[in-house]
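See below for input.csv, which holds CSV, C-alpha atoms.
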```csv
chain,number,residue,atom,x,y,z
A,1,SER,CA,-11.1,6.5,20.7
A,2,VAL,CA,-9.6,10.0,20.3
A,3,LEU,CA,-6.4,10.0,22.3
A,4,ASN,CA,-5.7,13.7,21.8
A,5,GLU,CA,-6.4,16.5,19.5
A,6,THR,CA,-4.5,19.7,18.7
A,7,THR,CA,-5.1,22.7,16.5
A,8,ALA,CA,-2.4,24.8,14.9
A,9,ASN,CA,-2.7,27.2,12.0
A,10,GLY,CA,-6.3,26.2,11.6
A,11,GLN,CA,-5.4,22.5,11.1
A,12,ILE,CA,-6.7,19.9,13.4
A,13,THR,CA,-4.5,16.9,14.2
A,14,ARG,CA,-6.2,13.9,15.9
A,15,ASN,CA,-4.5,10.9,17.3
A,16,LEU,CA,-6.7,7.8,17.4
A,17,ARG,CA,-6.9,4.3,18.6
A,18,LEU,CA,-9.3,2.3,16.5
A,19,GLU,CA,-10.9,-0.7,18.3
A,20,PHE,CA,-12.4,-3.6,16.5
A,21,GLY,CA,-12.4,-7.4,16.1
A,22,PRO,CA,-13.3,-10.1,18.7
A,23,ASP,CA,-14.4,-8.3,21.9
A,24,GLN,CA,-12.8,-5.1,20.5
A,25,LYS,CA,-9.4,-6.5,21.4
A,26,ALA,CA,-7.8,-5.5,18.0
A,27,THR,CA,-6.5,-2.0,18.0
A,28,LEU,CA,-4.9,0.2,15.3
A,29,ARG,CA,-3.2,3.5,16.0
A,30,ALA,CA,-4.0,6.3,13.5
A,31,THR,CA,-3.4,10.0,13.0
A,32,ILE,CA,-5.3,12.4,10.8
A,33,THR,CA,-4.7,16.1,10.1
A,34,ILE,CA,-7.6,18.1,8.6
A,35,PRO,CA,-6.8,21.3,6.8
A,36,GLU,CA,-8.5,24.6,7.6
A,37,GLY,CA,-11.9,25.1,5.9
A,38,PRO,CA,-15.3,23.5,5.5
A,39,GLY,CA,-14.4,20.7,3.2
A,40,PRO,CA,-15.1,18.0,2.2
A,41,PHE,CA,-11.4,17.3,1.5
A,42,PRO,CA,-9.8,14.5,-0.5
A,43,VAL,CA,-7.6,12.2,1.7
A,44,MET,CA,-4.1,10.8,1.3
A,45,ILE,CA,-3.3,7.9,3.5
A,46,SER,CA,0.3,6.9,4.4
A,47,PRO,CA,1.4,3.8,6.4
A,48,SER,CA,2.8,5.9,9.3
A,49,ILE,CA,1.4,7.6,12.4
A,50,ASN,CA,4.1,10.3,12.4
A,51,ALA,CA,2.9,13.9,12.0
A,52,PRO,CA,3.0,14.7,8.3
A,53,GLY,CA,6.5,15.8,7.3
A,54,ALA,CA,7.0,18.5,4.7
A,55,ALA,CA,8.8,16.2,2.2
A,56,GLY,CA,6.6,13.1,2.6
A,57,PHE,CA,3.2,12.5,1.0
A,58,GLY,CA,1.3,13.6,4.1
A,59,GLY,CA,2.9,17.1,4.2
A,60,VAL,CA,2.6,17.6,0.4
A,61,ALA,CA,-1.0,16.4,0.4
A,62,LEU,CA,-1.8,18.7,3.4
A,63,ALA,CA,-0.3,21.7,1.6
A,64,ARG,CA,-2.5,20.9,-1.4
A,65,GLY,CA,-5.7,20.9,0.6
A,66,TYR,CA,-5.9,17.1,1.4
A,67,ILE,CA,-6.6,15.5,4.7
A,68,ALA,CA,-3.3,13.7,5.7
A,69,ALA,CA,-4.1,10.3,7.3
A,70,GLY,CA,-1.8,7.6,8.6
A,71,PHE,CA,-1.9,4.3,10.4
A,72,ALA,CA,0.6,2.1,12.2
A,73,GLY,CA,1.3,-0.1,9.2
A,74,ASN,CA,5.1,-0.2,8.7
A,75,ASP,CA,8.0,-2.1,10.2
A,76,GLY,CA,8.5,0.3,13.1
A,77,GLN,CA,4.8,0.8,13.8
A,78,ASN,CA,3.2,-2.6,13.1
A,79,ASP,CA,0.0,-2.9,15.1
A,80,ALA,CA,-1.1,-5.7,12.8
A,81,ASN,CA,1.2,-8.2,14.5
A,82,ALA,CA,-1.3,-8.4,17.4
A,83,TYR,CA,-4.1,-9.7,15.2
A,84,VAL,CA,-2.6,-13.1,14.7
A,85,PRO,CA,-3.9,-14.7,18.0
A,86,LEU,CA,-7.2,-12.9,17.6
A,87,TYR,CA,-8.0,-14.5,14.3
A,88,PRO,CA,-6.8,-18.1,14.7
A,89,ASP,CA,-8.7,-19.4,11.7
A,90,PHE,CA,-6.8,-17.2,9.3
A,91,ASP,CA,-3.2,-17.4,8.1
A,92,PHE,CA,-2.9,-13.9,6.6
A,93,ALA,CA,0.7,-12.8,6.6
A,94,ASP,CA,2.4,-9.6,7.7
A,95,LEU,CA,2.0,-7.4,4.7
A,96,PRO,CA,-1.6,-8.5,3.9
A,97,ARG,CA,-2.5,-8.0,7.6
A,98,ARG,CA,-1.3,-4.4,7.4
A,99,ALA,CA,-3.2,-3.9,4.2
A,100,TRP,CA,-6.3,-5.3,5.8
A,101,SER,CA,-6.0,-3.1,8.8
A,102,CYS,CA,-6.0,0.0,6.5
A,103,GLN,CA,-9.6,-0.8,5.9
A,104,MET,CA,-10.3,0.1,9.6
A,105,LEU,CA,-8.9,3.6,9.0
A,106,VAL,CA,-11.1,3.9,5.9
A,107,ASP,CA,-14.1,2.9,8.0
A,108,TYR,CA,-13.3,5.7,10.4
A,109,LEU,CA,-12.7,8.2,7.6
A,110,TYR,CA,-16.2,7.4,6.3
A,111,THR,CA,-17.7,8.7,9.5
A,112,LEU,CA,-16.2,12.2,9.1
A,113,PRO,CA,-18.2,14.9,7.3
A,114,GLN,CA,-14.9,16.6,6.3
A,115,VAL,CA,-13.9,13.6,4.1
A,116,ASP,CA,-14.6,13.5,0.4
A,117,LYS,CA,-15.4,9.8,0.3
A,118,ALA,CA,-15.0,9.5,-3.4
A,119,HIS,CA,-11.4,10.7,-3.3
A,120,ILE,CA,-9.4,8.6,-0.7
A,121,ALA,CA,-5.9,7.7,-1.9
A,122,LEU,CA,-3.2,5.5,-0.4
A,123,ASN,CA,0.6,5.5,-0.9
A,124,GLY,CA,3.4,3.3,0.2
A,125,TYR,CA,7.1,2.7,-0.8
A,126,SER,CA,9.1,-0.5,-1.0
A,127,ARG,CA,7.5,-3.1,1.3
A,128,ASP,CA,4.9,-0.5,2.2
A,129,GLY,CA,4.3,-0.2,-1.5
A,130,LYS,CA,3.5,-3.9,-1.7
A,131,MET,CA,1.1,-3.4,1.2
A,132,ALA,CA,-0.5,-0.4,-0.4
A,133,LEU,CA,-1.3,-2.3,-3.6
A,134,VAL,CA,-2.8,-5.2,-1.7
A,135,ALA,CA,-4.9,-2.8,0.3
A,136,ALA,CA,-6.2,-1.1,-2.8
A,137,GLY,CA,-7.0,-4.5,-4.3
A,138,LEU,CA,-9.0,-5.5,-1.2
A,139,ASP,CA,-10.9,-2.3,-0.6
A,140,THR,CA,-12.7,-0.5,-3.5
A,141,ARG,CA,-13.2,2.5,-1.3
A,142,ILE,CA,-9.6,3.4,-1.8
A,143,ALA,CA,-10.0,5.4,-5.0
A,144,ALA,CA,-6.4,5.7,-6.0
A,145,VAL,CA,-3.1,4.1,-5.0
A,146,ILE,CA,0.6,5.0,-5.5
A,147,PRO,CA,2.7,1.8,-5.0
A,148,GLY,CA,6.3,3.0,-5.0
A,149,SER,CA,9.2,0.7,-5.9
A,150,THR,CA,7.3,-2.4,-4.7
A,151,GLY,CA,9.5,-5.0,-6.3
A,152,VAL,CA,8.1,-8.6,-6.2
A,153,GLY,CA,5.0,-9.1,-4.1
A,154,GLY,CA,3.6,-5.9,-5.4
A,155,VAL,CA,3.6,-4.6,-9.0
A,156,MET,CA,6.6,-6.6,-10.2
A,157,PRO,CA,5.7,-10.2,-11.2
A,158,TRP,CA,7.5,-13.0,-9.4
A,159,ARG,CA,8.0,-14.6,-12.8
A,160,LEU,CA,10.3,-11.7,-13.9
A,161,GLY,CA,12.1,-11.1,-10.6
A,162,SER,CA,15.6,-12.5,-9.9
A,163,GLU,CA,18.8,-11.7,-8.1
A,164,ARG,CA,20.6,-11.8,-11.5
A,165,GLY,CA,18.8,-8.7,-12.4
A,166,PHE,CA,19.8,-7.1,-9.1
A,167,GLY,CA,16.3,-7.6,-7.6
A,168,GLU,CA,14.4,-10.0,-5.5
A,169,SER,CA,12.8,-13.4,-6.0
A,170,ILE,CA,10.6,-15.9,-4.2
A,171,GLU,CA,13.8,-17.6,-2.9
A,172,SER,CA,15.4,-14.4,-1.4
A,173,THR,CA,12.1,-12.9,-0.2
A,174,THR,CA,10.9,-16.0,1.6
A,175,ARG,CA,14.3,-16.6,3.2
A,176,ASN,CA,14.9,-13.0,4.3
A,177,PHE,CA,11.3,-12.1,5.1
A,178,PRO,CA,9.4,-15.3,5.8
A,179,THR,CA,6.5,-13.6,7.5
A,180,TRP,CA,5.7,-11.1,4.7
A,181,PHE,CA,3.5,-13.4,2.7
A,182,VAL,CA,1.6,-16.6,3.1
A,183,PRO,CA,4.0,-19.5,3.9
A,184,ARG,CA,2.8,-21.5,0.9
A,185,LEU,CA,4.6,-19.0,-1.4
A,186,ARG,CA,7.8,-20.8,-0.5
A,187,PHE,CA,6.6,-23.9,-2.5
A,188,PHE,CA,6.9,-21.9,-5.7
A,189,SER,CA,10.6,-21.1,-5.4
A,190,GLY,CA,12.1,-22.2,-8.7
A,191,ARG,CA,8.5,-22.9,-10.0
A,192,GLU,CA,7.4,-19.3,-10.5
A,193,ASP,CA,5.7,-20.4,-13.8
A,194,ARG,CA,3.3,-22.4,-11.7
A,195,LEU,CA,1.9,-19.4,-9.7
A,196,PRO,CA,-1.8,-19.0,-10.3
A,197,VAL,CA,-1.6,-15.2,-10.0
A,198,ASP,CA,1.2,-12.6,-10.1
A,199,GLY,CA,1.9,-8.9,-9.7
A,200,ASN,CA,0.3,-7.8,-13.0
A,201,LEU,CA,-3.0,-9.3,-11.9
A,202,LEU,CA,-2.7,-7.6,-8.5
A,203,VAL,CA,-2.6,-4.3,-10.4
A,204,THR,CA,-5.7,-5.3,-12.4
A,205,LEU,CA,-7.6,-5.9,-9.2
A,206,VAL,CA,-7.5,-2.1,-8.7
A,207,ALA,CA,-8.8,-1.3,-12.2
A,208,PRO,CA,-10.4,1.0,-13.2
A,209,ARG,CA,-9.4,3.0,-10.1
A,210,PRO,CA,-6.2,5.0,-10.7
A,211,VAL,CA,-2.8,3.3,-10.0
A,212,LEU,CA,0.5,5.2,-10.4
A,213,ILE,CA,3.5,2.8,-10.5
A,214,THR,CA,6.7,4.5,-9.4
A,215,TYR,CA,10.4,3.4,-9.1
A,216,GLY,CA,13.9,4.6,-9.7
A,217,ASN,CA,15.7,4.4,-13.0
A,218,ASN,CA,18.5,2.3,-11.4
A,219,ASP,CA,16.3,0.7,-8.8
A,220,GLU,CA,17.9,-2.5,-7.3
A,221,VAL,CA,14.5,-3.7,-6.0
A,222,SER,CA,12.1,-2.8,-8.8
A,223,GLN,CA,13.9,-3.4,-12.1
A,224,PRO,CA,12.5,-1.2,-14.8
A,225,TRP,CA,11.9,-4.0,-17.4
A,226,PRO,CA,9.6,-6.2,-15.2
A,227,MET,CA,7.8,-3.1,-13.9
A,228,GLU,CA,7.1,-2.0,-17.5
A,229,GLN,CA,5.9,-5.5,-18.4
A,230,ALA,CA,3.5,-5.5,-15.5
A,231,TYR,CA,2.2,-2.1,-16.6
A,232,ARG,CA,1.7,-3.3,-20.2
A,233,SER,CA,-0.1,-6.4,-19.1
A,234,ALA,CA,-2.4,-4.7,-16.6
A,235,LEU,CA,-3.1,-1.9,-19.1
A,236,ARG,CA,-5.3,-4.3,-21.0
A,237,ALA,CA,-7.8,-4.5,-18.1
A,238,PHE,CA,-7.9,-0.7,-17.8
A,239,GLU,CA,-8.6,-0.5,-21.5
A,240,VAL,CA,-11.4,-3.0,-21.4
A,241,LEU,CA,-13.0,-1.0,-18.5
A,242,GLY,CA,-12.6,2.3,-20.5
A,243,LYS,CA,-10.0,3.9,-18.3
A,244,PRO,CA,-6.6,3.4,-19.9
A,245,ASP,CA,-5.4,6.8,-18.5
A,246,ALA,CA,-6.0,5.6,-15.0
A,247,LEU,CA,-2.9,3.4,-15.0
A,248,GLY,CA,0.4,5.4,-15.0
A,249,ILE,CA,4.1,4.7,-14.6
A,250,MET,CA,6.7,7.2,-13.4
A,251,HIS,CA,10.4,6.6,-12.9
A,252,SER,CA,12.7,9.0,-11.2
A,253,PRO,CA,16.5,9.4,-11.4
A,254,GLY,CA,18.4,7.3,-8.8
A,255,TYR,CA,18.3,4.0,-7.0
A,256,HIS,CA,15.8,2.4,-4.6
A,257,GLY,CA,14.4,5.2,-2.6
A,258,ALA,CA,14.3,7.6,-5.5
A,259,ASN,CA,10.8,9.2,-5.5
A,260,ASP,CA,9.4,12.5,-6.7
A,261,VAL,CA,6.4,13.1,-4.3
A,262,GLN,CA,5.4,16.4,-6.0
A,263,ALA,CA,5.3,14.8,-9.4
A,264,ALA,CA,3.4,11.8,-8.1
A,265,MET,CA,0.8,14.1,-6.5
A,266,ASP,CA,0.5,16.0,-9.8
```

Go ahead and render the structure in this file as structure tokens.
Amino acid sequence: SVLNETTANGQITRNLRLEFGPDQKATLRATITIPEGPGPFPVMISPSINAPGAAGFGGVALARGYIAAGFAGNDGQNDANAYVPLYPDFDFADLPRRAWSCQMLVDYLYTLPQVDKAHIALNGYSRDGKMALVAAGLDTRIAAVIPGSTGVGGVMPWRLGSERGFGESIESTTRNFPTWFVPRLRFFSGREDRLPVDGNLLVTLVAPRPVLITYGNNDEVSQPWPMEQAYRSALRAFEVLGKPDALGIMHSPGYHGANDVQAAMD
């Protein structure tokens, strides 16, 4: 359902409500801004329904001739909470729910003639970066992903995360944010070596599609050494699939929040 549509400087901005699920009771708010011209255009998706800001990925992508798309998939705009009672047979947690709902936006993008379906990218930072990596692992139509400073639960392996390294772990994550991941994760606190999968394998799920891992040099959430180890581990999968250059790593000066959007887009 198109809630409203505006045109300015040749760009079309469309606010949407996507309806799906049992009896169409599940909804997801989304916004897309289409640049001027015939297209088809590549797409950059962000987990926000705010109009693309000049400094964020949406604004930068739009300036480069991309469609800027966004969905209500962050803490302040979390439409995925309402899915819990609609799908009682599932126990998918908060961040995976948001990641799954991103697929609904991709479904819609596939209906638009202005969209270059082979070039749909997704970005997210911090907890939204965790979500973005999960979403790209679930949906092969997402052709590239930029998971920014994910910490554990994203790129960074739980095995290598700890508060001693100024980061996070299963213990702190499941205590502070118990709804983020499946409740059974709590069982592995202090038993990280028993985990059947970890962040490096989440990265390999996206292979051979491009992944750009980003974080700050002094990031207190994504410590550089574990992020580099995840990169080196996952790189083997990209090499086997003949796409070693599709996996990249980029660190920026600063702490958690340090991000060079222009360089990431390059």

Note to self: So the first atom is atom CA of A:Asn50 and the second is atom CA of A:Ala135; what is the distance between them in Å, to one decimal place?
What the structure shows: 20.0 Å

Item checked: Pick from A:Ser46, A:Asn200, A:Phe188, A:Pro52 nearest to A:Arg236, counting all atoms listed in the file -> A:Asn200

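Taking all atoms listed in the file into account, A:Pro35 lies nearest to A:Gly10 out of the set A:Gly10, A:Gly148, A:Gly21, A:Gly58.
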
Margin query: Residues near A:Ile142, anyone? I mean within 6 Å using only C-alpha atoms, not counting same-chain ones fewer than 3 positions away, as a ChimeraX atom specification.
Written below: /A:120-121,136,139

Can I get the selection written as an mmCIF file, in the coordinates of the input, with C-alpha atoms?
```cif
data_model
loop_
_atom_site.group_PDB
_atom_site.id
_atom_site.type_symbol
_atom_site.label_atom_id
_atom_site.label_comp_id
_atom_site.auth_asym_id
_atom_site.auth_seq_id
_atom_site.Cartn_x
_atom_site.Cartn_y
_atom_site.Cartn_z
ATOM 1 C CA ILE A 120 -9.400 8.600 -0.700
ATOM 2 C CA ALA A 121 -5.900 7.700 -1.900
ATOM 3 C CA ALA A 136 -6.200 -1.100 -2.800
ATOM 4 C CA ASP A 139 -10.900 -2.300 -0.600
#
```

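Omitting stretch 240-244 of chain A and its sequence neighbours fewer than 3 positions away, and counting only C-alpha atoms, the residues within 8 Å are Ala207, Pro208, Leu235, Arg236, Ala237 and Leu247 of chain A.
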
Next item on the list: Fewer than 5 positions away in the same chain doesn't count, so skip those; otherwise give me all residues within 7 Å of stretch 249-256 of chain A, counting only C-alpha atoms, as a ChimeraX atom specification.
Entry: /A:149,212-221

Can you find the residues with an atom no farther than 12 Å from (1.4, 15.9, -9.1), counting only C-alpha atoms, and report them as a CSV table (one decimal) with C-alpha atoms, keeping the file's coordinate frame?
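What ended up in selection.csv:
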```
chain,number,residue,atom,x,y,z
A,57,PHE,CA,3.2,12.5,1.0
A,60,VAL,CA,2.6,17.6,0.4
A,61,ALA,CA,-1.0,16.4,0.4
A,64,ARG,CA,-2.5,20.9,-1.4
A,146,ILE,CA,0.6,5.0,-5.5
A,212,LEU,CA,0.5,5.2,-10.4
A,250,MET,CA,6.7,7.2,-13.4
A,260,ASP,CA,9.4,12.5,-6.7
A,261,VAL,CA,6.4,13.1,-4.3
A,262,GLN,CA,5.4,16.4,-6.0
A,263,ALA,CA,5.3,14.8,-9.4
A,264,ALA,CA,3.4,11.8,-8.1
A,265,MET,CA,0.8,14.1,-6.5
A,266,ASP,CA,0.5,16.0,-9.8
```

Next item on the list: Please measure the separation of atom CA of A:Leu105 and atom CA of A:Thr204, giving the value in Å to one decimal.
Entry: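 Taking atom CA of A:Leu105 and atom CA of A:Thr204, their separation equals 23.4 Å.
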
Next item on the list: Please provide the set of residues having any atom within 9 Å of stretch 127-132 of chain A, restricted to all atoms listed in the file, with same-chain residues fewer than 6 positions apart removed, written as a list in words.
Entry: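 The residues that qualify are Ser46, Pro47, Gly73, Asn74, Asp75, Leu95, Pro96, Arg97, Arg98, Ala99, Trp100, Cys102, Val145, Ile146, Pro147, Gly148, Ser149, Thr150, Gly151, Val152, Gly153, Gly154, Val155 and Trp180 of chain A.
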
Next item on the list: Could you tell me how far atom CA of A:Asn81 lies from atom CA of A:Lys25, in Å and to one decimal?
Entry: 12.8 Å

Notebook entry, point to check: With all atoms listed in the file as the atoms that count, which of A:Ala26, A:Ile34, A:Ala72, A:Leu112 lies nearest to A:Ile12?
Noted result: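 For A:Ile12, the nearest of the given residues is A:Ile34.
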
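Using only C-alpha atoms, the shortest contact distance between A:Arg141 and any of A:Gln103, A:Ser172, A:Asn123, A:Thr7 is found at A:Gln103.
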
Check: A:Arg14: which residues within 9 Å, counting only C-alpha atoms, same-chain residues fewer than 4 positions away excluded, as a VMD selection string?
Finding: chain A and resid 2 to 7 30 to 34

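Each of A:Ala118, A:Leu133, A:Met156, A:Val182 was checked against A:Asp91 using all atoms listed in the file; the smallest atom-to-atom distance is that of A:Val182.
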
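All residues that come within 12 Å of the coordinates (6.3, -16.7, 10.2), counting only C-alpha atoms, are given as Asn81, Val84, Asp91, Phe92, Ala93, Asp94, Leu95, Thr174, Arg175, Asn176, Phe177, Pro178, Thr179, Trp180, Phe181, Val182, Pro183, Arg184, Leu185 and Arg186 of chain A.
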
Check: Using only C-alpha atoms, which of the listed residues (A:Ala234, A:Ser222, A:Ile67, A:Val134) sits closest to A:Glu168?
Finding: A:Ser222

Return stretch 133-157 of chain A, completed with N, CA, C and O atoms, as an mmCIF file, in the coordinates of the input.
```cif
data_model
loop_
_atom_site.group_PDB
_atom_site.id
_atom_site.type_symbol
_atom_site.label_atom_id
_atom_site.label_comp_id
_atom_site.auth_asym_id
_atom_site.auth_seq_id
_atom_site.Cartn_x
_atom_site.Cartn_y
_atom_site.Cartn_z
ATOM 1 N N LEU A 133 -0.595 -1.742 -2.482
ATOM 2 C CA LEU A 133 -1.300 -2.300 -3.600
ATOM 3 C C LEU A 133 -2.255 -3.410 -3.206
ATOM 4 O O LEU A 133 -3.360 -3.515 -3.737
ATOM 5 N N VAL A 134 -1.851 -4.221 -2.228
ATOM 6 C CA VAL A 134 -2.800 -5.200 -1.700
ATOM 7 C C VAL A 134 -4.002 -4.582 -1.084
ATOM 8 O O VAL A 134 -5.137 -5.013 -1.304
ATOM 9 N N ALA A 135 -3.781 -3.511 -0.311
ATOM 10 C CA ALA A 135 -4.900 -2.800 0.300
ATOM 11 C C ALA A 135 -5.884 -2.271 -0.679
ATOM 12 O O ALA A 135 -7.105 -2.377 -0.504
ATOM 13 N N ALA A 136 -5.365 -1.669 -1.745
ATOM 14 C CA ALA A 136 -6.200 -1.100 -2.800
ATOM 15 C C ALA A 136 -6.991 -2.228 -3.510
ATOM 16 O O ALA A 136 -8.146 -2.049 -3.908
ATOM 17 N N GLY A 137 -6.332 -3.378 -3.673
ATOM 18 C CA GLY A 137 -7.000 -4.500 -4.300
ATOM 19 C C GLY A 137 -8.156 -5.037 -3.448
ATOM 20 O O GLY A 137 -9.184 -5.470 -3.962
ATOM 21 N N LEU A 138 -7.985 -4.979 -2.121
ATOM 22 C CA LEU A 138 -9.000 -5.500 -1.200
ATOM 23 C C LEU A 138 -10.168 -4.548 -0.997
ATOM 24 O O LEU A 138 -11.279 -4.990 -0.755
ATOM 25 N N ASP A 139 -9.895 -3.247 -1.045
ATOM 26 C CA ASP A 139 -10.900 -2.300 -0.600
ATOM 27 C C ASP A 139 -11.175 -1.279 -1.750
ATOM 28 O O ASP A 139 -10.349 -0.410 -2.053
ATOM 29 N N THR A 140 -12.346 -1.394 -2.365
ATOM 30 C CA THR A 140 -12.700 -0.500 -3.500
ATOM 31 C C THR A 140 -12.954 0.915 -3.061
ATOM 32 O O THR A 140 -13.079 1.797 -3.908
ATOM 33 N N ARG A 141 -13.047 1.170 -1.754
ATOM 34 C CA ARG A 141 -13.200 2.500 -1.300
ATOM 35 C C ARG A 141 -11.947 3.348 -1.421
ATOM 36 O O ARG A 141 -11.984 4.592 -1.388
ATOM 37 N N ILE A 142 -10.813 2.672 -1.563
ATOM 38 C CA ILE A 142 -9.600 3.400 -1.800
ATOM 39 C C ILE A 142 -9.579 3.717 -3.323
ATOM 40 O O ILE A 142 -9.472 2.861 -4.198
ATOM 41 N N ALA A 143 -9.738 4.996 -3.620
ATOM 42 C CA ALA A 143 -10.000 5.400 -5.000
ATOM 43 C C ALA A 143 -8.799 5.559 -5.859
ATOM 44 O O ALA A 143 -8.916 5.637 -7.081
ATOM 45 N N ALA A 144 -7.611 5.596 -5.261
ATOM 46 C CA ALA A 144 -6.400 5.700 -6.000
ATOM 47 C C ALA A 144 -5.233 5.218 -5.163
ATOM 48 O O ALA A 144 -5.278 5.335 -3.933
ATOM 49 N N VAL A 145 -4.191 4.671 -5.805
ATOM 50 C CA VAL A 145 -3.100 4.100 -5.000
ATOM 51 C C VAL A 145 -1.753 4.468 -5.765
ATOM 52 O O VAL A 145 -1.687 4.418 -6.999
ATOM 53 N N ILE A 146 -0.719 4.783 -4.990
ATOM 54 C CA ILE A 146 0.600 5.000 -5.500
ATOM 55 C C ILE A 146 1.560 4.013 -4.890
ATOM 56 O O ILE A 146 2.105 4.244 -3.809
ATOM 57 N N PRO A 147 1.748 2.843 -5.525
ATOM 58 C CA PRO A 147 2.700 1.800 -5.000
ATOM 59 C C PRO A 147 4.094 2.155 -5.491
ATOM 60 O O PRO A 147 4.413 1.955 -6.660
ATOM 61 N N GLY A 148 4.962 2.627 -4.598
ATOM 62 C CA GLY A 148 6.300 3.000 -5.000
ATOM 63 C C GLY A 148 7.301 1.889 -4.845
ATOM 64 O O GLY A 148 7.366 1.239 -3.800
ATOM 65 N N SER A 149 8.064 1.634 -5.881
ATOM 66 C CA SER A 149 9.200 0.700 -5.900
ATOM 67 C C SER A 149 8.821 -0.596 -5.095
ATOM 68 O O SER A 149 9.511 -0.965 -4.151
ATOM 69 N N THR A 150 7.778 -1.265 -5.493
ATOM 70 C CA THR A 150 7.300 -2.400 -4.700
ATOM 71 C C THR A 150 8.220 -3.630 -4.847
ATOM 72 O O THR A 150 8.322 -4.434 -3.928
ATOM 73 N N GLY A 151 8.856 -3.781 -6.003
ATOM 74 C CA GLY A 151 9.500 -5.000 -6.300
ATOM 75 C C GLY A 151 8.519 -6.167 -6.310
ATOM 76 O O GLY A 151 7.312 -5.950 -6.481
ATOM 77 N N VAL A 152 9.007 -7.421 -6.154
ATOM 78 C CA VAL A 152 8.100 -8.600 -6.200
ATOM 79 C C VAL A 152 7.186 -8.570 -4.990
ATOM 80 O O VAL A 152 7.505 -8.037 -3.941
ATOM 81 N N GLY A 153 6.030 -9.171 -5.159
ATOM 82 C CA GLY A 153 5.000 -9.100 -4.100
ATOM 83 C C GLY A 153 4.124 -7.945 -4.187
ATOM 84 O O GLY A 153 3.157 -7.825 -3.436
ATOM 85 N N GLY A 154 4.456 -7.050 -5.116
ATOM 86 C CA GLY A 154 3.600 -5.900 -5.400
ATOM 87 C C GLY A 154 3.356 -5.842 -6.871
ATOM 88 O O GLY A 154 2.798 -6.779 -7.439
ATOM 89 N N VAL A 155 3.802 -4.755 -7.514
ATOM 90 C CA VAL A 155 3.600 -4.600 -9.000
ATOM 91 C C VAL A 155 4.409 -5.616 -9.753
ATOM 92 O O VAL A 155 3.930 -6.226 -10.713
ATOM 93 N N MET A 156 5.661 -5.819 -9.353
ATOM 94 C CA MET A 156 6.600 -6.600 -10.200
ATOM 95 C C MET A 156 6.283 -8.096 -10.085
ATOM 96 O O MET A 156 6.219 -8.661 -9.004
ATOM 97 N N PRO A 157 6.068 -8.742 -11.227
ATOM 98 C CA PRO A 157 5.700 -10.200 -11.200
ATOM 99 C C PRO A 157 6.882 -11.021 -10.670
ATOM 100 O O PRO A 157 8.050 -10.791 -10.983
#
```
